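Just run.cif here, mmCIF, C-alpha atoms:
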```cif
data_work
#
loop_
_atom_site.label_atom_id
_atom_site.label_comp_id
_atom_site.auth_asym_id
_atom_site.auth_seq_id
_atom_site.Cartn_x
_atom_site.Cartn_y
_atom_site.Cartn_z
CA MET A 1 99.40 78.54 78.51
CA SER A 2 101.54 77.96 75.44
CA THR A 3 102.99 80.90 73.54
CA ARG A 4 103.78 79.00 70.33
CA SER A 5 102.50 80.23 66.98
CA MET A 6 98.79 79.70 66.28
CA PRO A 7 96.50 79.75 63.24
CA ASN A 8 95.00 83.08 62.23
CA ASN A 9 91.47 82.02 63.22
CA LYS A 10 92.51 81.98 66.87
CA LYS A 11 91.84 84.92 69.15
CA VAL A 12 95.17 85.34 70.91
CA VAL A 13 94.45 87.65 73.85
CA LEU A 14 96.87 89.63 76.01
CA ILE A 15 95.36 91.63 78.88
CA ASP A 16 96.86 94.78 80.42
CA THR A 17 95.05 95.67 83.64
CA ASP A 18 94.98 97.67 86.86
CA ALA A 19 92.72 94.93 88.26
CA GLY A 20 89.92 96.68 90.03
CA ILE A 21 86.56 94.96 90.34
CA ASP A 22 85.38 95.76 86.81
CA ASP A 23 88.71 94.50 85.42
CA ALA A 24 88.18 91.21 87.25
CA TRP A 25 84.76 90.82 85.68
CA ALA A 26 86.27 91.48 82.26
CA ILE A 27 88.95 88.84 82.85
CA LEU A 28 86.34 86.32 83.99
CA MET A 29 84.28 86.95 80.84
CA LEU A 30 87.32 86.11 78.73
CA LEU A 31 88.14 83.00 80.74
CA ALA A 32 84.54 81.80 80.44
CA ALA A 33 84.69 82.32 76.68
CA ALA A 34 88.03 80.48 76.47
CA LYS A 35 86.54 77.55 78.40
CA GLU A 36 83.67 77.39 75.92
CA ASN A 37 85.67 78.07 72.74
CA ARG A 38 89.13 76.67 72.08
CA ASP A 39 89.76 79.38 69.49
CA ILE A 40 90.16 81.90 72.33
CA ASN A 41 93.46 81.77 74.20
CA VAL A 42 94.42 84.24 76.94
CA ILE A 43 98.23 83.97 76.90
CA GLY A 44 99.24 86.57 79.48
CA ILE A 45 98.17 89.31 81.88
CA THR A 46 100.32 92.39 82.48
CA CYS A 47 99.73 94.57 85.53
CA VAL A 48 99.95 98.34 85.77
CA HIS A 49 99.41 100.99 88.45
CA GLY A 50 95.93 102.51 88.69
CA ASN A 51 93.23 101.28 91.05
CA ALA A 52 96.00 100.33 93.50
CA THR A 53 99.75 99.71 93.56
CA VAL A 54 101.10 97.37 90.90
CA ASP A 55 101.95 94.81 93.61
CA GLN A 56 98.37 94.84 94.86
CA ILE A 57 97.05 94.69 91.31
CA SER A 58 99.02 91.49 90.71
CA LEU A 59 97.46 89.95 93.84
CA ASN A 60 93.99 90.86 92.59
CA VAL A 61 94.74 89.19 89.26
CA LEU A 62 95.95 86.05 91.03
CA ARG A 63 92.79 85.91 93.16
CA THR A 64 90.69 86.23 90.01
CA LEU A 65 92.56 83.42 88.24
CA GLU A 66 92.50 81.14 91.29
CA SER A 67 88.73 81.58 91.63
CA CYS A 68 88.29 79.62 88.40
CA LYS A 69 91.39 77.41 88.73
CA VAL A 70 93.14 78.85 85.68
CA GLU A 71 96.89 79.42 85.38
CA ILE A 72 98.03 82.24 83.10
CA PRO A 73 101.41 83.99 83.24
CA VAL A 74 101.20 87.28 85.15
CA TYR A 75 103.75 90.10 84.77
CA LYS A 76 104.30 93.25 86.83
CA GLY A 77 104.75 96.49 84.91
CA SER A 78 104.89 100.19 85.63
CA SER A 79 104.28 101.38 89.18
CA SER A 80 103.66 105.04 88.23
CA PRO A 81 102.66 107.20 85.25
CA LEU A 82 105.18 108.52 82.74
CA ILE A 83 104.91 112.02 84.20
CA ASP A 84 103.37 112.57 87.62
CA LEU A 85 102.19 116.19 87.82
CA ASP A 86 98.83 116.38 89.59
CA GLU A 87 99.77 116.58 93.29
CA ASN A 88 96.50 118.29 94.25
CA TYR A 89 94.49 115.48 92.68
CA LYS A 90 96.53 112.76 94.43
CA ARG A 91 95.91 114.34 97.81
CA SER A 92 92.15 114.48 97.27
CA TRP A 93 91.61 111.20 95.39
CA ARG A 94 89.46 108.55 97.05
CA PRO A 95 89.63 105.19 95.23
CA PHE A 96 86.16 103.98 94.25
CA PHE A 97 87.05 100.29 94.58
CA GLY A 98 88.91 100.76 97.87
CA THR A 99 92.62 101.18 98.43
CA ASP A 100 93.30 97.62 97.25
CA GLY A 101 91.05 97.87 94.18
CA PHE A 102 89.02 94.93 95.49
CA GLY A 103 86.72 96.59 97.99
CA CYS A 104 89.12 95.93 100.90
CA ALA A 105 87.20 92.69 101.39
CA GLU A 106 88.55 89.90 103.59
CA HIS A 107 89.92 86.71 102.03
CA ASP A 108 90.60 83.34 103.64
CA ASP A 109 93.75 82.48 101.69
CA ALA A 110 96.72 84.29 100.17
CA PRO A 111 97.28 83.69 96.44
CA ASP A 112 100.25 81.71 95.15
CA LEU A 113 102.84 84.31 94.11
CA LYS A 114 104.76 81.79 91.99
CA VAL A 115 102.48 82.56 89.05
CA ILE A 116 104.01 86.06 88.81
CA LYS A 117 106.91 85.98 86.38
CA GLU A 118 110.22 87.74 86.94
CA GLU A 119 110.15 89.17 83.42
CA ASN A 120 109.01 92.80 83.36
CA ALA A 121 105.60 93.42 81.77
CA ILE A 122 106.95 95.82 79.14
CA VAL A 123 109.51 93.26 77.97
CA ALA A 124 106.87 90.53 78.07
CA LEU A 125 104.48 92.59 75.96
CA ASP A 126 107.03 92.94 73.18
CA ARG A 127 108.19 89.32 73.39
CA ILE A 128 104.67 87.91 73.22
CA VAL A 129 103.49 90.03 70.30
CA ASN A 130 106.76 89.26 68.50
CA GLU A 131 106.11 85.53 68.96
CA HIS A 132 102.60 85.98 67.53
CA LYS A 133 103.11 88.64 64.86
CA GLY A 134 99.79 90.08 63.69
CA GLU A 135 97.74 87.78 65.93
CA VAL A 136 97.56 89.41 69.36
CA SER A 137 94.49 91.31 70.49
CA LEU A 138 95.69 93.62 73.25
CA LEU A 139 92.96 94.46 75.77
CA CYS A 140 93.67 97.52 77.90
CA LEU A 141 91.64 97.85 81.10
CA GLY A 142 93.72 100.42 83.01
CA PRO A 143 96.11 103.34 82.51
CA LEU A 144 98.14 102.87 79.33
CA THR A 145 101.62 103.27 80.83
CA ASN A 146 102.84 99.74 80.02
CA ILE A 147 101.66 100.01 76.42
CA ALA A 148 103.21 103.43 75.89
CA LEU A 149 106.53 102.20 77.27
CA ALA A 150 106.45 99.17 74.96
CA ILE A 151 105.73 101.45 71.99
CA ARG A 152 108.60 103.78 72.85
CA THR A 153 111.06 100.99 73.76
CA PHE A 154 110.53 98.45 70.99
CA PRO A 155 110.28 99.87 67.44
CA CYS A 156 108.50 96.82 65.98
CA PHE A 157 105.89 96.52 68.74
CA VAL A 158 103.22 98.56 66.93
CA GLN A 159 103.69 96.55 63.74
CA ASN A 160 103.26 93.23 65.52
CA VAL A 161 100.04 94.01 67.42
CA LYS A 162 96.89 92.92 65.60
CA GLU A 163 94.54 95.27 67.44
CA ILE A 164 94.18 97.16 70.68
CA ILE A 165 90.85 97.61 72.48
CA ILE A 166 90.86 100.24 75.22
CA MET A 167 88.44 101.25 77.95
CA GLY A 168 89.21 104.84 78.82
CA GLY A 169 88.82 108.49 77.99
CA ASN A 170 85.70 110.30 76.91
CA TYR A 171 84.26 112.01 73.85
CA LYS A 172 81.69 114.40 75.32
CA ALA A 173 84.05 115.94 77.91
CA VAL A 174 82.23 114.05 80.68
CA GLY A 175 84.66 112.98 83.39
CA ASN A 176 84.45 110.63 86.34
CA THR A 177 87.71 111.65 88.02
CA THR A 178 87.87 115.34 87.18
CA ASN A 179 85.13 117.35 85.52
CA CYS A 180 86.59 116.61 82.10
CA ALA A 181 88.68 113.44 82.40
CA GLU A 182 88.05 109.72 82.83
CA PHE A 183 90.11 107.77 85.39
CA ASN A 184 92.33 105.62 83.15
CA PHE A 185 93.36 108.49 80.88
CA HIS A 186 93.74 110.97 83.72
CA ALA A 187 96.00 108.50 85.54
CA ASP A 188 98.53 108.81 82.68
CA PRO A 189 97.55 111.32 79.97
CA GLU A 190 100.96 111.14 78.25
CA ALA A 191 100.65 107.37 77.89
CA ALA A 192 97.15 107.69 76.43
CA TYR A 193 98.46 110.31 74.00
CA ILE A 194 101.27 108.02 72.86
CA VAL A 195 98.97 105.04 72.32
CA LEU A 196 96.23 106.93 70.45
CA ASN A 197 98.80 108.58 68.20
CA SER A 198 100.73 105.36 67.58
CA ALA A 199 100.81 103.40 64.33
CA ILE A 200 99.00 100.36 65.75
CA LYS A 201 96.83 99.30 62.83
CA HIS A 202 93.47 98.85 64.54
CA LYS A 203 92.56 100.82 67.66
CA VAL A 204 89.17 100.72 69.40
CA LEU A 205 88.18 103.05 72.24
CA ILE A 206 85.26 102.45 74.60
CA PRO A 207 84.85 105.77 76.46
CA TRP A 208 83.26 106.56 79.79
CA GLU A 209 80.08 108.01 78.27
CA THR A 210 79.38 104.73 76.47
CA CYS A 211 79.72 102.83 79.73
CA CYS A 212 77.17 105.19 81.28
CA GLN A 213 74.59 104.15 78.67
CA VAL A 214 74.41 100.51 79.77
CA PRO A 215 73.90 100.40 83.55
CA PHE A 216 72.17 97.40 85.11
CA SER A 217 69.91 97.47 88.12
CA LEU A 218 71.25 96.11 91.38
CA ASP A 219 68.37 93.65 91.30
CA TRP A 220 69.66 92.21 87.99
CA ARG A 221 73.21 92.18 89.35
CA ASP A 222 72.19 90.23 92.46
CA ASN A 223 69.46 87.93 91.16
CA GLU A 224 70.69 87.21 87.65
CA LEU A 225 74.44 87.72 87.42
CA GLY A 226 75.22 87.11 91.09
CA ALA A 227 72.90 84.15 91.59
CA CYS A 228 75.44 81.40 91.06
CA ASP A 229 77.52 79.36 93.49
CA ASN A 230 80.76 79.03 91.53
CA LYS A 231 83.96 80.35 93.11
CA ALA A 232 84.36 83.20 90.61
CA ILE A 233 80.93 84.66 91.33
CA GLU A 234 81.50 84.10 95.04
CA LEU A 235 84.68 86.19 94.83
CA MET A 236 82.98 88.99 92.92
CA ASN A 237 80.02 89.08 95.30
CA ARG A 238 82.43 89.37 98.23
CA VAL A 239 84.61 92.16 96.83
CA GLU A 240 81.62 94.18 95.61
CA GLN A 241 79.74 94.01 98.89
CA PRO A 242 81.62 96.94 100.53
CA LEU A 243 80.66 99.16 97.58
CA ARG A 244 77.02 98.92 98.64
CA LEU A 245 77.80 101.37 101.44
CA LYS A 246 78.56 104.12 98.92
CA PRO A 247 75.61 106.46 98.32
CA THR A 248 76.59 106.69 94.63
CA PHE A 249 76.29 102.91 94.13
CA VAL A 250 72.71 102.92 92.87
CA ASP A 251 73.27 100.98 89.63
CA TRP A 252 75.73 98.30 88.54
CA MET A 253 77.88 100.14 86.01
CA PRO A 254 80.05 97.95 83.74
CA CYS A 255 83.16 99.54 82.25
CA ASP A 256 86.07 97.22 81.47
CA GLN A 257 83.58 94.41 80.85
CA LEU A 258 82.69 96.16 77.58
CA VAL A 259 86.21 95.57 76.28
CA SER A 260 85.77 91.82 76.61
CA ALA A 261 82.34 91.99 75.00
CA VAL A 262 83.66 93.90 71.98
CA LEU A 263 86.47 91.39 71.48
CA LEU A 264 84.26 88.33 71.90
CA GLN A 265 81.32 89.53 69.85
CA PRO A 266 82.01 92.71 67.80
CA GLU A 267 78.36 92.88 66.76
CA VAL A 268 77.63 94.03 70.32
CA ILE A 269 78.59 97.49 68.96
CA THR A 270 75.47 99.25 67.64
CA GLU A 271 76.99 102.69 66.97
CA SER A 272 80.57 103.71 66.27
CA GLU A 273 82.66 106.22 64.35
CA MET A 274 86.13 106.13 62.82
CA THR A 275 87.66 109.42 63.87
CA HIS A 276 90.89 111.09 64.92
CA LEU A 277 91.41 111.08 68.68
CA THR A 278 94.12 112.59 70.81
CA VAL A 279 94.49 113.67 74.45
CA GLU A 280 94.80 117.10 76.07
CA LEU A 281 98.03 117.24 78.09
CA HIS A 282 98.31 120.84 79.26
CA GLY A 283 94.91 122.19 80.27
CA GLN A 284 94.48 123.26 83.87
CA TYR A 285 90.98 121.80 83.92
CA THR A 286 91.05 119.46 80.92
CA ARG A 287 94.27 117.45 81.32
CA GLY A 288 93.52 113.88 80.27
CA GLN A 289 90.43 114.78 78.24
CA VAL A 290 90.03 113.13 74.85
CA VAL A 291 89.95 115.55 71.91
CA LEU A 292 88.08 114.69 68.71
CA CYS A 293 89.03 116.20 65.38
CA ARG A 294 85.47 117.23 64.58
CA LYS A 295 86.50 119.20 61.48
CA HIS A 296 87.91 115.98 59.96
CA ILE A 297 91.15 117.64 58.89
CA LEU A 298 93.24 114.79 60.37
CA PRO A 299 93.02 111.16 59.23
CA PRO A 300 90.98 108.82 61.47
CA ASN A 301 93.10 106.77 63.88
CA THR A 302 90.58 105.08 66.20
CA LEU A 303 87.19 103.38 66.14
CA LEU A 304 85.14 105.21 68.78
CA VAL A 305 82.40 103.00 70.27
CA LYS A 306 79.32 105.07 71.03
CA ASP A 307 76.62 102.54 71.90
CA ILE A 308 76.23 98.88 72.82
CA ASN A 309 73.52 96.23 72.46
CA LYS A 310 72.71 95.82 76.14
CA GLU A 311 70.79 92.55 75.75
CA LEU A 312 73.65 90.86 73.90
CA PHE A 313 76.13 92.29 76.40
CA ALA A 314 74.09 90.80 79.27
CA GLN A 315 74.22 87.38 77.63
CA LEU A 316 78.02 87.57 77.46
CA LEU A 317 78.21 88.57 81.13
CA LEU A 318 76.06 85.65 82.21
CA LYS A 319 78.49 83.16 80.65
CA VAL A 320 80.65 83.71 83.73
CA HIS A 321 78.22 81.28 85.41
CA ASN A 322 79.91 78.51 83.38
CA LEU A 323 83.31 78.88 85.02
#
```
Would you write the structure of this file as structure tokens?
Amino acid sequence: MSTRSMPNNKKVVLIDTDAGIDDAWAILMLLAAAKENRDINVIGITCVHGNATVDQISLNVLRTLESCKVEIPVYKGSSSPLIDLDENYKRSWRPFFGTDGFGCAEHDDAPDLKVIKEENAIVALDRIVNEHKGEVSLLCLGPLTNIALAIRTFPCFVQNVKEIIIMGGNYKAVGNTTNCAEFNFHADPEAAYIVLNSAIKHKVLIPWETCCQVPFSLDWRDNELGACDNKAIELMNRVEQPLRLKPTFVDWMPCDQLVSAVLLQPEVITESEMTHLTVELHGQYTRGQVVLCRKHILPPNTLLVKDINKELFAQLLLKVHNL
């Protein structure tokens, strides 16, 4: 898609992802919205380590795009966190979405690798936001390594980004990877620290606890969302099927999908707070945990999303049927 300058009423969207299953749903929501509304333009997808290797992540992105016959430039970024300290965690970690991030499901065809650009994701991030100064909504669905590197490498990057919407972290010290840390932030705490403490004008965080408040039943997932014969839904049904064997898979829990919902329809947010957020980097048990300045002695730096209109969110999810 074109990267030329656009009017301010356009939503110019750049996605940074570690393309697990929930990331793919989030991407499909955006593509469905772009198909319906010409004012939404997804101009690039950058890939980062997380649910799988960055090479595998790029393949997952390509499969997602091919399922709805859309071509968007894809860029490979960081293959590891800024600082890799937690050896004990790496030895014990079992990826929820499978080692490939896509349920280790079988696929008939290999994606066309020509869509992946040679340009590194960090360079592409800066170039794209520089071409669209003050227009780009940056949606972050995985560890924040690529974004942190862009911030540290290119001085004007933070000035050029319109907004950044992040799924990650927590605000009640509830973790899903360790007792106190959420997966995306625990995968690269230093990167999360850099991004939250950056001068990007408008930052929005959707934490793990908020995701936990809007689960859907498996019956709704199968008979409402999954009851469609388009190729995108067919792909998602296939890659999610292996998850049904997990004893913990009792509800359909959206995470990254909330990022797309907040961008597409901000009124989906029913409760939020402007507050100062940072990330614990040194705790033996709390590394990667989000820290709120509850005494309000530091200026707010992030809009913390605390609750979502589930009915409106469901309507946005169902638009994927239109792909």
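Nearest residue to Leu292 in chain A, choosing from A:Cys156, A:Ala52, A:Met274, A:Val74 and counting all atoms listed in the file: A:Met274.
The space separating CA of Pro189 in chain A from CA of Asp84 in chain A comes to 9.7 Å.
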Within 6 Å of range 190-192 of chain A using only C-alpha atoms, minus same-chain residues under 5 positions, as a tab-separated table (two decimals) with C-alpha atoms, keeping the file's coordinate frame:
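Everything below was put into around-v3.tsv:
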```
chain	number	residue	atom	x	y	z
A	144	LEU	CA	98.14	102.87	79.33
A	145	THR	CA	101.62	103.27	80.83
A	148	ALA	CA	103.21	103.43	75.89
A	185	PHE	CA	93.36	108.49	80.88
```
Would you translate the PyMOL selection byres ((chain A and resi 45-47) around 7) into the concrete set of residues it matches in this file, as an mmCIF file with C-alpha atoms, in the frame of the given file?
```
data_model
loop_
_atom_site.group_PDB
_atom_site.id
_atom_site.type_symbol
_atom_site.label_atom_id
_atom_site.label_comp_id
_atom_site.auth_asym_id
_atom_site.auth_seq_id
_atom_site.Cartn_x
_atom_site.Cartn_y
_atom_site.Cartn_z
ATOM 1 C CA LEU A 14 96.870 89.630 76.010
ATOM 2 C CA ILE A 15 95.360 91.630 78.880
ATOM 3 C CA ASP A 16 96.860 94.780 80.420
ATOM 4 C CA THR A 17 95.050 95.670 83.640
ATOM 5 C CA ASP A 18 94.980 97.670 86.860
ATOM 6 C CA GLY A 44 99.240 86.570 79.480
ATOM 7 C CA VAL A 48 99.950 98.340 85.770
ATOM 8 C CA VAL A 54 101.100 97.370 90.900
ATOM 9 C CA ILE A 57 97.050 94.690 91.310
ATOM 10 C CA SER A 58 99.020 91.490 90.710
ATOM 11 C CA PRO A 73 101.410 83.990 83.240
ATOM 12 C CA VAL A 74 101.200 87.280 85.150
ATOM 13 C CA TYR A 75 103.750 90.100 84.770
ATOM 14 C CA LYS A 76 104.300 93.250 86.830
ATOM 15 C CA GLY A 77 104.750 96.490 84.910
ATOM 16 C CA ALA A 121 105.600 93.420 81.770
#
```
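If you measure from each of A:Asp23, A:Glu118, A:Asp126, A:Glu267 to Met167 in chain A using all atoms listed in the file, the closest one turns out to be A:Asp23.
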Using all atoms listed in the file, find the one residue out of A:Thr53, A:Thr248, A:Ser137, A:Ser80 that sits nearest to Leu263 in chain A. A:Ser137
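For the set A:Ile308, A:Ile297, A:Leu125, A:Ile151, the residue with the smallest atom-to-atom gap to Thr270 in chain A is A:Ile308, counting only C-alpha atoms.
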Target residues per the PyMOL selection byres ((chain A and resi 232-237) around 12), formatted as an MDAnalysis selection string: chainID A and resid 20:29 31:32 60:70 102:103 105:109 218 221:231 238:244 317:323
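When the PyMOL selection byres ((chain A and resi 35-41) around 6) is evaluated against the file, it yields Lys10, Lys11, Val12, Val13, Ala32, Ala33, Ala34, Val42 and Ile43 of chain A.
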Export of prior selection with C-alpha atoms as a PDB file, in the coordinates of the input:
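Now in out35.pdb:
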```pdb
ATOM      1  CA  LYS A  10      92.510  81.980  66.870  1.00  0.00           C
ATOM      2  CA  LYS A  11      91.840  84.920  69.150  1.00  0.00           C
ATOM      3  CA  VAL A  12      95.170  85.340  70.910  1.00  0.00           C
ATOM      4  CA  VAL A  13      94.450  87.650  73.850  1.00  0.00           C
ATOM      5  CA  ALA A  32      84.540  81.800  80.440  1.00  0.00           C
ATOM      6  CA  ALA A  33      84.690  82.320  76.680  1.00  0.00           C
ATOM      7  CA  ALA A  34      88.030  80.480  76.470  1.00  0.00           C
ATOM      8  CA  VAL A  42      94.420  84.240  76.940  1.00  0.00           C
ATOM      9  CA  ILE A  43      98.230  83.970  76.900  1.00  0.00           C
TER      10      ILE A  43
END
```
Mind pulling up the distance from CA of Asn176 in chain A to CA of Leu303 in chain A? 21.6 Å
